[in-house]
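Q: Structure file target-v6.pdb (PDB, C-alpha atoms) is given on the next line.
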```pdb
ATOM      1  CA  MET A   1       0.000   0.000   0.000  1.00  0.00           C
ATOM      2  CA  GLY A   2       2.951   2.368   0.511  1.00  0.00           C
ATOM      3  CA  LEU A   3       3.964   2.595  -3.153  1.00  0.00           C
ATOM      4  CA  PRO A   4       0.446   3.375  -4.480  1.00  0.00           C
ATOM      5  CA  CYS A   5       0.021   6.106  -1.848  1.00  0.00           C
ATOM      6  CA  LEU A   6       3.412   7.580  -2.718  1.00  0.00           C
ATOM      7  CA  ALA A   7       2.560   7.483  -6.430  1.00  0.00           C
ATOM      8  CA  ALA A   8      -0.791   9.218  -5.822  1.00  0.00           C
ATOM      9  CA  LEU A   9       0.805  11.939  -3.701  1.00  0.00           C
ATOM     10  CA  GLY A  10       3.514  12.426  -6.315  1.00  0.00           C
ATOM     11  CA  PHE A  11       0.890  12.778  -9.041  1.00  0.00           C
ATOM     12  CA  PHE A  12      -1.057  15.431  -7.138  1.00  0.00           C
ATOM     13  CA  ALA A  13       2.136  17.349  -6.326  1.00  0.00           C
ATOM     14  CA  TRP A  14       3.160  17.208 -10.000  1.00  0.00           C
ATOM     15  CA  GLN A  15      -0.290  18.475 -11.037  1.00  0.00           C
ATOM     16  CA  SER A  16       0.082  21.523  -8.797  1.00  0.00           C
ATOM     17  CA  PHE A  17       3.493  22.620 -10.059  1.00  0.00           C
ATOM     18  CA  TYR A  18       3.998  21.335 -13.613  1.00  0.00           C
ATOM     19  CA  PRO A  19       3.056  23.943 -16.255  1.00  0.00           C
ATOM     20  CA  VAL A  20       0.355  22.936 -18.712  1.00  0.00           C
ATOM     21  CA  SER A  21       0.889  23.330 -22.444  1.00  0.00           C
ATOM     22  CA  ALA A  22      -0.984  22.265 -25.569  1.00  0.00           C
ATOM     23  CA  ALA A  23       0.419  19.368 -27.592  1.00  0.00           C
ATOM     24  CA  ALA A  24       1.491  19.873 -31.194  1.00  0.00           C
ATOM     25  CA  GLY A  25      -1.557  20.477 -33.401  1.00  0.00           C
ATOM     26  CA  TRP A  26      -3.770  21.587 -30.495  1.00  0.00           C
ATOM     27  CA  SER A  27      -4.675  25.136 -29.531  1.00  0.00           C
ATOM     28  CA  VAL A  28      -5.958  26.806 -26.380  1.00  0.00           C
ATOM     29  CA  GLN A  29      -8.229  29.764 -25.709  1.00  0.00           C
ATOM     30  CA  VAL A  30      -8.848  31.701 -22.485  1.00  0.00           C
ATOM     31  CA  VAL A  31     -12.610  31.770 -21.956  1.00  0.00           C
ATOM     32  CA  HIS A  32     -12.783  33.441 -18.534  1.00  0.00           C
ATOM     33  CA  GLN A  33      -9.959  35.357 -16.799  1.00  0.00           C
ATOM     34  CA  ASP A  34     -11.282  35.151 -13.204  1.00  0.00           C
ATOM     35  CA  VAL A  35     -11.135  31.366 -12.753  1.00  0.00           C
ATOM     36  CA  GLU A  36      -8.008  30.815 -10.663  1.00  0.00           C
ATOM     37  CA  LYS A  37      -7.579  27.047 -10.998  1.00  0.00           C
ATOM     38  CA  ALA A  38     -10.193  25.144 -12.997  1.00  0.00           C
ATOM     39  CA  ALA A  39     -10.326  21.436 -12.190  1.00  0.00           C
ATOM     40  CA  SER A  40     -13.216  20.477 -14.464  1.00  0.00           C
ATOM     41  CA  LEU A  41     -15.539  22.077 -16.989  1.00  0.00           C
ATOM     42  CA  MET A  42     -19.053  21.127 -18.033  1.00  0.00           C
ATOM     43  CA  PRO A  43     -21.034  22.888 -20.768  1.00  0.00           C
ATOM     44  CA  LEU A  44     -24.708  23.298 -19.857  1.00  0.00           C
ATOM     45  CA  PRO A  45     -27.697  23.112 -22.243  1.00  0.00           C
ATOM     46  CA  ASP A  46     -28.345  26.880 -21.968  1.00  0.00           C
ATOM     47  CA  GLY A  47     -24.824  27.688 -23.231  1.00  0.00           C
ATOM     48  CA  SER A  48     -23.349  28.533 -19.837  1.00  0.00           C
ATOM     49  CA  LEU A  49     -20.360  26.737 -18.343  1.00  0.00           C
ATOM     50  CA  MET A  50     -20.105  24.973 -14.968  1.00  0.00           C
ATOM     51  CA  VAL A  51     -16.562  25.146 -13.535  1.00  0.00           C
ATOM     52  CA  SER A  52     -15.146  23.492 -10.431  1.00  0.00           C
ATOM     53  CA  GLN A  53     -12.106  25.144  -8.839  1.00  0.00           C
ATOM     54  CA  GLU A  54      -9.616  23.313  -6.614  1.00  0.00           C
ATOM     55  CA  LEU A  55      -8.089  25.864  -4.263  1.00  0.00           C
ATOM     56  CA  ALA A  56      -5.961  25.458  -1.129  1.00  0.00           C
ATOM     57  CA  LYS A  57      -7.374  25.303   2.410  1.00  0.00           C
ATOM     58  CA  GLY A  58     -10.877  24.222   1.381  1.00  0.00           C
ATOM     59  CA  LYS A  59     -11.509  27.370  -0.654  1.00  0.00           C
ATOM     60  CA  GLY A  60     -12.596  25.462  -3.762  1.00  0.00           C
ATOM     61  CA  SER A  61     -15.911  26.233  -5.386  1.00  0.00           C
ATOM     62  CA  ILE A  62     -18.274  25.442  -8.216  1.00  0.00           C
ATOM     63  CA  VAL A  63     -19.218  28.410 -10.371  1.00  0.00           C
ATOM     64  CA  ARG A  64     -21.511  28.930 -13.314  1.00  0.00           C
ATOM     65  CA  ILE A  65     -20.363  31.272 -16.067  1.00  0.00           C
ATOM     66  CA  HIS A  66     -23.098  32.715 -18.309  1.00  0.00           C
TER      67      HIS A  66
END
```
Here is the file; what I need is its structure written in the form of structure tokens.
A:
Amino acid sequence: MGLPCLAALGFFAWQSFYPVSAAAGWSVQVVHQDVEKAASLMPLPDGSLMVSQELAKGKGSIVRIH
């Protein structure tokens, strides 16, 4: 059980510090400037976007962007 726990902790640490970049052939676009750290996105039927944010010290939130 020690190795899987260490691997999981390593993955989450890597996720927090490793810069994200688009792979060759892909492109990115900033949709909303005020989302500090988006963890997941879900488009809604009315065209808005549901965003979950993972922030330190339990400050995460789920926001809806119209």
Q: Using the chain letters and numbering of this document, enumerate as number ranges by chain the residues selected by the PyMOL selection byres ((chain A and resi 63) around 12).
A: A: 32, 34-43, 48-54, 60-62, 64-66
Q: Enclose stretch 49-63 of chain A, meaning all of its atoms listed in the file, in a box aligned along x, y and z, pad it by 3 Å on each side, and list the centre and edge lengths in Å to one decimal, as AutoDock Vina command-line options.
A:
```
--center_x -13.2 --center_y 25.9 --center_z -8.0 --size_x 20.4 --size_y 11.1 --size_z 26.8
```
Q: Can you measure atom CA of A:Gly58 to atom CA of A:Leu6 for me? One decimal in Å is fine.
A: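 Computing it gives 22.3 Å between the two atoms.
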Q: Distance atom CA of A:Phe12-atom CA of A:Ala56, one decimal place?
A: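 These atoms are spaced 12.7 Å apart.
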Q: Between atom CA of A:Leu44 and atom CA of A:Val28, what distance in Å does the model show, to one decimal?
A: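 We find that atom CA of A:Leu44 and atom CA of A:Val28 lie 20.2 Å from each other.
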